[in-house]
Amino acid sequence: MHLGESTRECEYSQISTRSSTPMETPYKKKTPKKRKWETFPGRNRFYCDGRIMMAKQTGVFYLTLVLILVTCGLFFTFDCWFLAEQLTPIIPVIGAVLFLFVIGTLLRTSFSDPGVLPRATPDEAADLERQIDVANGSTGYRPPPRTKEVVINGQTVKLKYCFTCKIFRPPRASHCSLCDNCVERFDHHCPWVGNCVGKRNYRFFYMFILSLSFLTVFIFAFVITHIILNSQRIGFLSALKDSPASVLEVVVCFFSVWSIVGLSGFHTYLISSNQTTNEDIKGSWSSKRSKDNYNPYSYGNIFTNCCAALCGPLPPSLIDRRGFIQSDAPQLAPPTNGLPMYGSTQSQQSHKVATTPLLQQQQSSEPVILSPENGASLPGRASLALGGPCTSLPLGQPTPPASTPSLSCHEATDLLPIHGHPHNHSHPLQEQLAHHHFLTPEEVPSPPGMLHCGSPLGHSHTMQGSFYNPASQDSLHEDSVRGLVKLSSV
Amino acid sequence: MTSWMESQVETHSLQDFQRPAVSSKVFIQRDYSSGTICKFQTKFPSELESRLDKQQFEETIQTLNNLYAEAEKLGGSSYLEGCLACLTAYTVFLCMETHYEKVLKKIARYIRDQNEKIYAPRGLLLTDPIERGLRVVEITIFEDRNIGSAR
């Protein structure tokens, strides 16, 4: 074997001896590159190549859409002609404008990113873990409550640690258990719009319910007018028979008016006092809690609060859905410990440890690394972490008892208000346990990133795949594979 | 054989990965004492003591904080932009970018600048916080190695 191209040939021939493994594919192929939304870890649905983002359950959203479209359709088809003739043609025009505004704001609310906080990279998570351990001294028998206190405008606010996203949640952020994301300035998860309502789409949501209240009242009023005017000519029952659609419209509008107008009023109050639904329901800033309890985020007067909520600068999306996953990220080394991968004595050990499973896998001819299909397969990851060598790894935290989840995002999600929708706790305990296993990547002996957790249970003999962010798994595994293939190819 | 193998690896690693190895990373967390606005802690991390001046570090972070404050500022111009956007049903953002996005570009330029002038010569790398969801300012510390390709 000679230098240069032969080694390259070696590489390629090495890969080709592994028959039909998916490992070939990510290594050889250069295109198409994956966009970040394809490996997004939350429980969201993406459409139009990442431009549209919604929650997983969208059934009720379609119901909302159908209700609005059908009612307005009936109004324009059956009532508008009469009203335009008898009263004024401006009525259908106003109706059309309102209708378009309602649909526009609804779609904008439903399709935009509510302000999702991206999950911490493995390096960050490990760094935070270290800081928490240092701050708490010994590991103790109980895992310490993960909260930080910060004083904002004279009020003490507790920042909770999110076990799913591995971050300390900023103030006013909350973890939505339905979407499995931390959302900034979390208001509530609205099934009617099929999305969370948070910092980035709250104004659209408010505009939607406000314009919908006007539209509902508008249609209700003018359908009644139509029936009354008609019944003056041909009698009440004949008028009803003449336009049966009007009856349906009246019924729909009558029931909608109470809820929609009520909701608009409620949110107007929230905006003027700069609170979120979450905070209001929990009574976070209520004076009933203590005498000197006040809202530290309020600007003091109603006008500024309203302006800030509705006309303030629109923050950009933090999750970069349409960006391409970088395969050459500078994060070469395993997280935190910074053991360099190549060319130093420290790494020799890690190389040796790493090559062994690779060779083993070669023999067993099972795919070593699977490209992450979707990062959302938490249960898959969880079960993988629990099996195999993971349990033998020393954990920074003692075995998480059942009490831990109460300190995590459950607390926030317990009180998550959802419009007329029974709240379901979809956070199984296993996920919490798995996260604890994940939390100690620095204790893992061999370089992580070699093997994924995204793979199904069948590959339980693979080493820990303690990578949390599937997006960076690609980059790291590619690098490590390249290095290890070279070693084993000789 | 072993040494030849290692030299093989060595050759490749120099060719393909002309980057010095990452020694560690420091994360500057958010400072929430002024509310939910984007602001980073100016506390000088101990890991950087050997590489960087405290003053330079604080200046960088303070400038970043000021830039983010500018992006999120509530004022006449931002209200105007908000109202205009609302009136045009937010279609105006198809042609022009929001004030926030403009400032983010400014921040990216500033960070690139700082990296070139101050941080790279000291074997450090600032990562734009927007790439970390505005959670942290990530400073990568590269190993100080005397290999040809190392900086």
# chains A, B, ... in the order shown; residues from 1 in each chain; ligands from 1
call {"tool": "closest_atom_pairs", "arguments": {"of": "chain B", "to": "chain A", "cutoff": "9 Å", "atoms": "only C-alpha atoms", "output": "Markdown table"}}
result
| residue | atom | partner | partner_atom | distance |
| --- | --- | --- | --- | --- |
| B:Met1 | CA | A:Val490 | CA | 8.9 |
| B:Met5 | CA | A:Val490 | CA | 6.6 |
| B:Glu6 | CA | A:Leu487 | CA | 7.8 |
| B:Gln8 | CA | A:Leu3 | CA | 7.6 |
| B:Val9 | CA | A:Lys486 | CA | 6.6 |
| B:Glu10 | CA | A:Gly343 | CA | 6.8 |
| B:His12 | CA | A:Gly483 | CA | 8.6 |
| B:Ser13 | CA | A:Tyr342 | CA | 7.2 |
| B:Arg19 | CA | A:Pro330 | CA | 8.3 |
| B:Pro20 | CA | A:Pro340 | CA | 8.9 |
| B:Ala21 | CA | A:Pro340 | CA | 5.4 |
| B:Val22 | CA | A:Gly338 | CA | 5.9 |
| B:Ser23 | CA | A:Gly338 | CA | 4.6 |
| B:Ser24 | CA | A:Gly338 | CA | 4.8 |
| B:Lys25 | CA | A:Thr336 | CA | 6.6 |
| B:Val26 | CA | A:Asp127 | CA | 8.1 |
| B:Phe27 | CA | A:Glu124 | CA | 7.0 |
| B:Arg30 | CA | A:Pro170 | CA | 8.5 |
| B:Asp31 | CA | A:Val150 | CA | 8.8 |
| B:Tyr32 | CA | A:Val150 | CA | 6.8 |
| B:Ser33 | CA | A:Ile152 | CA | 4.8 |
| B:Ser34 | CA | A:Ile152 | CA | 5.7 |
| B:Gly35 | CA | A:Ile152 | CA | 5.6 |
| B:Thr36 | CA | A:Pro171 | CA | 6.3 |
| B:Ala71 | CA | A:Pro313 | CA | 7.7 |
| B:Glu72 | CA | A:Pro313 | CA | 6.1 |
| B:Lys73 | CA | A:Pro313 | CA | 7.5 |
| B:Leu74 | CA | A:Gly312 | CA | 6.1 |
| B:Gly75 | CA | A:Gly312 | CA | 8.2 |
| B:Ser78 | CA | A:Pro313 | CA | 5.8 |
| B:Tyr79 | CA | A:Cys311 | CA | 5.1 |
| B:Leu80 | CA | A:Cys311 | CA | 7.8 |
| B:Glu81 | CA | A:Cys311 | CA | 7.7 |
| B:Gly82 | CA | A:Cys311 | CA | 4.4 |
| B:Cys83 | CA | A:Cys311 | CA | 6.2 |
| B:Ala85 | CA | A:Cys311 | CA | 8.9 |
| B:Cys86 | CA | A:Cys311 | CA | 8.3 |
| B:Ala89 | CA | A:Gly104 | CA | 7.5 |
| B:Thr98 | CA | A:Leu314 | CA | 7.4 |
| B:His99 | CA | A:Pro313 | CA | 7.1 |
| B:Tyr100 | CA | A:Pro315 | CA | 6.3 |
| B:Glu101 | CA | A:Pro316 | CA | 7.0 |
| B:Ile130 | CA | A:Leu318 | CA | 6.8 |
| B:Glu131 | CA | A:Leu318 | CA | 7.8 |
| B:Arg132 | CA | A:Pro118 | CA | 7.4 |
| B:Gly133 | CA | A:Leu318 | CA | 5.0 |
| B:Leu134 | CA | A:Leu318 | CA | 7.4 |
| B:Arg135 | CA | A:Ala120 | CA | 8.3 |
| B:Val136 | CA | A:Glu124 | CA | 8.4 |
| B:Glu138 | CA | A:Glu124 | CA | 8.6 |
| B:Thr140 | CA | A:Gln331 | CA | 8.8 |
| B:Glu143 | CA | A:Pro340 | CA | 8.7 |
call {"tool": "atom_distance", "arguments": {"atom1": "atom CA of A:Ile94", "atom2": "atom CA of A:Ile219"}}
result
10.6 Å
call {"tool": "residues_around", "arguments": {"residues": "stretch 238-246 of chain A", "least_positions_apart": "2", "cutoff": "12 Å", "atoms": "only C-alpha atoms", "output": "VMD selection string"}}
result
chain A and resid 70 to 82 219 to 236 248 to 254
call {"tool": "residues_around", "arguments": {"residues": "stretch 104-121 of chain B", "least_positions_apart": "6", "cutoff": "8 Å", "atoms": "only C-alpha atoms", "output": "list in words"}}
result
Thr60, Leu64, Leu67, Tyr68, Ala71, Thr127, Asp128 and Arg151 of chain B
call {"tool": "residues_around", "arguments": {"residues": "A:Gln57", "least_positions_apart": "2", "cutoff": "12 Å", "atoms": "only C-alpha atoms", "output": "ChimeraX atom specification"}}
result
/A:43-45,53-55,59-63,110,178-179,189-196
call {"tool": "write_last_selection", "arguments": {"atoms": "N, CA and C atoms", "output": "PDB file, in the first residue's frame"}}
result
ATOM      1  N   ARG A  43     -42.049  17.972  18.897  1.00  0.00           N
ATOM      2  CA  ARG A  43     -43.158  17.244  18.287  1.00  0.00           C
ATOM      3  C   ARG A  43     -43.952  18.189  17.403  1.00  0.00           C
ATOM      4  N   ASN A  44     -43.298  18.715  16.397  1.00  0.00           N
ATOM      5  CA  ASN A  44     -43.975  19.636  15.493  1.00  0.00           C
ATOM      6  C   ASN A  44     -44.050  19.041  14.109  1.00  0.00           C
ATOM      7  N   ARG A  45     -44.943  19.637  13.334  1.00  0.00           N
ATOM      8  CA  ARG A  45     -45.028  19.207  11.941  1.00  0.00           C
ATOM      9  C   ARG A  45     -44.587  20.363  11.063  1.00  0.00           C
ATOM     10  N   MET A  53     -44.846  25.775  10.251  1.00  0.00           N
ATOM     11  CA  MET A  53     -44.593  24.978  11.455  1.00  0.00           C
ATOM     12  C   MET A  53     -45.853  24.915  12.289  1.00  0.00           C
ATOM     13  N   MET A  54     -46.296  23.703  12.587  1.00  0.00           N
ATOM     14  CA  MET A  54     -47.510  23.571  13.381  1.00  0.00           C
ATOM     15  C   MET A  54     -47.316  22.513  14.452  1.00  0.00           C
ATOM     16  N   ALA A  55     -48.294  22.412  15.324  1.00  0.00           N
ATOM     17  CA  ALA A  55     -48.250  21.361  16.342  1.00  0.00           C
ATOM     18  C   ALA A  55     -48.591  20.031  15.686  1.00  0.00           C
ATOM     19  N   GLY A  59     -56.145  18.563  13.969  1.00  0.00           N
ATOM     20  CA  GLY A  59     -57.547  18.300  13.648  1.00  0.00           C
ATOM     21  C   GLY A  59     -58.459  19.460  13.973  1.00  0.00           C
ATOM     22  N   VAL A  60     -58.277  20.025  15.160  1.00  0.00           N
ATOM     23  CA  VAL A  60     -59.172  21.105  15.584  1.00  0.00           C
ATOM     24  C   VAL A  60     -58.943  22.368  14.755  1.00  0.00           C
ATOM     25  N   PHE A  61     -57.710  22.534  14.299  1.00  0.00           N
ATOM     26  CA  PHE A  61     -57.426  23.690  13.437  1.00  0.00           C
ATOM     27  C   PHE A  61     -58.237  23.617  12.152  1.00  0.00           C
ATOM     28  N   TYR A  62     -58.305  22.423  11.577  1.00  0.00           N
ATOM     29  CA  TYR A  62     -59.090  22.271  10.348  1.00  0.00           C
ATOM     30  C   TYR A  62     -60.565  22.517  10.616  1.00  0.00           C
ATOM     31  N   LEU A  63     -61.015  22.128  11.808  1.00  0.00           N
ATOM     32  CA  LEU A  63     -62.396  22.404  12.189  1.00  0.00           C
ATOM     33  C   LEU A  63     -62.656  23.903  12.237  1.00  0.00           C
ATOM     34  N   SER A 110     -51.094  30.166  13.071  1.00  0.00           N
ATOM     35  CA  SER A 110     -50.923  28.718  13.044  1.00  0.00           C
ATOM     36  C   SER A 110     -49.617  28.285  12.421  1.00  0.00           C
ATOM     37  N   LEU A 178     -47.308  19.358  24.834  1.00  0.00           N
ATOM     38  CA  LEU A 178     -47.894  18.821  23.601  1.00  0.00           C
ATOM     39  C   LEU A 178     -46.915  18.917  22.444  1.00  0.00           C
ATOM     40  N   CYS A 179     -46.211  20.040  22.396  1.00  0.00           N
ATOM     41  CA  CYS A 179     -45.252  20.225  21.310  1.00  0.00           C
ATOM     42  C   CYS A 179     -43.845  19.800  21.715  1.00  0.00           C
ATOM     43  N   HIS A 189     -51.200  26.724  24.788  1.00  0.00           N
ATOM     44  CA  HIS A 189     -51.249  25.943  23.558  1.00  0.00           C
ATOM     45  C   HIS A 189     -52.689  25.958  23.087  1.00  0.00           C
ATOM     46  N   CYS A 190     -52.915  26.486  21.911  1.00  0.00           N
ATOM     47  CA  CYS A 190     -54.279  26.614  21.427  1.00  0.00           C
ATOM     48  C   CYS A 190     -54.574  25.541  20.369  1.00  0.00           C
ATOM     49  N   PRO A 191     -55.432  24.580  20.686  1.00  0.00           N
ATOM     50  CA  PRO A 191     -55.740  23.566  19.680  1.00  0.00           C
ATOM     51  C   PRO A 191     -56.539  24.128  18.512  1.00  0.00           C
ATOM     52  N   TRP A 192     -57.259  25.230  18.739  1.00  0.00           N
ATOM     53  CA  TRP A 192     -58.060  25.817  17.678  1.00  0.00           C
ATOM     54  C   TRP A 192     -57.197  26.378  16.555  1.00  0.00           C
ATOM     55  N   VAL A 193     -56.002  26.842  16.916  1.00  0.00           N
ATOM     56  CA  VAL A 193     -55.105  27.311  15.858  1.00  0.00           C
ATOM     57  C   VAL A 193     -54.014  26.274  15.568  1.00  0.00           C
ATOM     58  N   GLY A 194     -54.047  25.192  16.294  1.00  0.00           N
ATOM     59  CA  GLY A 194     -53.097  24.113  16.030  1.00  0.00           C
ATOM     60  C   GLY A 194     -51.654  24.489  16.290  1.00  0.00           C
ATOM     61  N   ASN A 195     -51.403  25.317  17.275  1.00  0.00           N
ATOM     62  CA  ASN A 195     -50.037  25.741  17.544  1.00  0.00           C
ATOM     63  C   ASN A 195     -49.969  26.320  18.958  1.00  0.00           C
ATOM     64  N   CYS A 196     -48.764  26.491  19.447  1.00  0.00           N
ATOM     65  CA  CYS A 196     -48.592  27.201  20.714  1.00  0.00           C
ATOM     66  C   CYS A 196     -48.739  28.692  20.433  1.00  0.00           C
TER      67      CYS A 196
END
call {"tool": "atom_distance", "arguments": {"atom1": "atom CA of A:Tyr161", "atom2": "atom CA of A:Asp133"}}
result
13.6 Å
call {"tool": "select_by_dssp", "arguments": {"residues": "stretch 11-194 of chain A", "states": "helix (DSSP H, G or I)", "output": "PyMOL selection string"}}
result
chain A and resi 11-17+24-28+36-39+59-86+90-111+122-136
call {"tool": "atom_distance", "arguments": {"atom1": "atom CA of A:Val257", "atom2": "atom CA of A:Ser213"}}
result
6.5 Å
call {"tool": "select_by_dssp", "arguments": {"residues": "stretch 25-95 of chain A", "states": "strand (DSSP E or B)", "output": "number ranges by chain"}}
result
A: 35, 44-47, 52-55
call {"tool": "decode", "arguments": {"residues": "stretch 42-88 of chain B", "atoms": "C-alpha atoms", "output": "compact mmCIF listing (two decimals), in the first residue's frame"}}
result
# COMPACT_ATOMS: atom_id res chain seq x y z
CA THR B 42 -20.18 40.29 31.83
CA LYS B 43 -18.48 38.20 34.49
CA PHE B 44 -15.03 37.24 33.24
CA PRO B 45 -14.67 33.43 33.14
CA SER B 46 -11.57 32.03 34.83
CA GLU B 47 -10.72 29.77 31.89
CA LEU B 48 -9.90 32.78 29.76
CA GLU B 49 -7.61 34.43 32.24
CA SER B 50 -4.48 33.17 30.56
CA ARG B 51 -5.59 34.19 27.11
CA LEU B 52 -7.50 37.40 27.25
CA ASP B 53 -7.72 40.72 29.00
CA LYS B 54 -10.65 41.15 31.30
CA GLN B 55 -11.28 44.58 29.85
CA GLN B 56 -11.39 43.36 26.27
CA PHE B 57 -13.78 40.62 27.16
CA GLU B 58 -16.08 42.97 29.02
CA GLU B 59 -15.99 45.41 26.15
CA THR B 60 -17.01 42.73 23.68
CA ILE B 61 -19.88 41.51 25.81
CA GLN B 62 -21.04 45.02 26.63
CA THR B 63 -21.09 45.97 22.96
CA LEU B 64 -23.08 42.85 22.18
CA ASN B 65 -25.53 43.70 24.94
CA ASN B 66 -25.93 47.20 23.58
CA LEU B 67 -26.54 45.90 20.08
CA TYR B 68 -29.23 43.50 21.29
CA ALA B 69 -30.82 46.29 23.29
CA GLU B 70 -30.92 48.34 20.11
CA ALA B 71 -32.62 45.48 18.29
CA GLU B 72 -35.32 45.12 20.92
CA LYS B 73 -35.80 48.79 21.64
CA LEU B 74 -39.34 50.04 21.89
CA GLY B 75 -39.58 53.39 20.30
CA GLY B 76 -41.08 55.47 17.57
CA SER B 77 -39.41 53.68 14.71
CA SER B 78 -40.26 50.20 15.91
CA TYR B 79 -43.88 51.15 16.47
CA LEU B 80 -44.07 52.63 13.00
CA GLU B 81 -42.64 49.48 11.54
CA GLY B 82 -45.12 47.38 13.52
CA CYS B 83 -48.10 49.44 12.43
CA LEU B 84 -47.02 49.49 8.82
CA ALA B 85 -46.55 45.75 8.91
CA CYS B 86 -49.98 45.23 10.41
CA LEU B 87 -51.63 47.43 7.81
CA THR B 88 -49.99 45.61 4.95
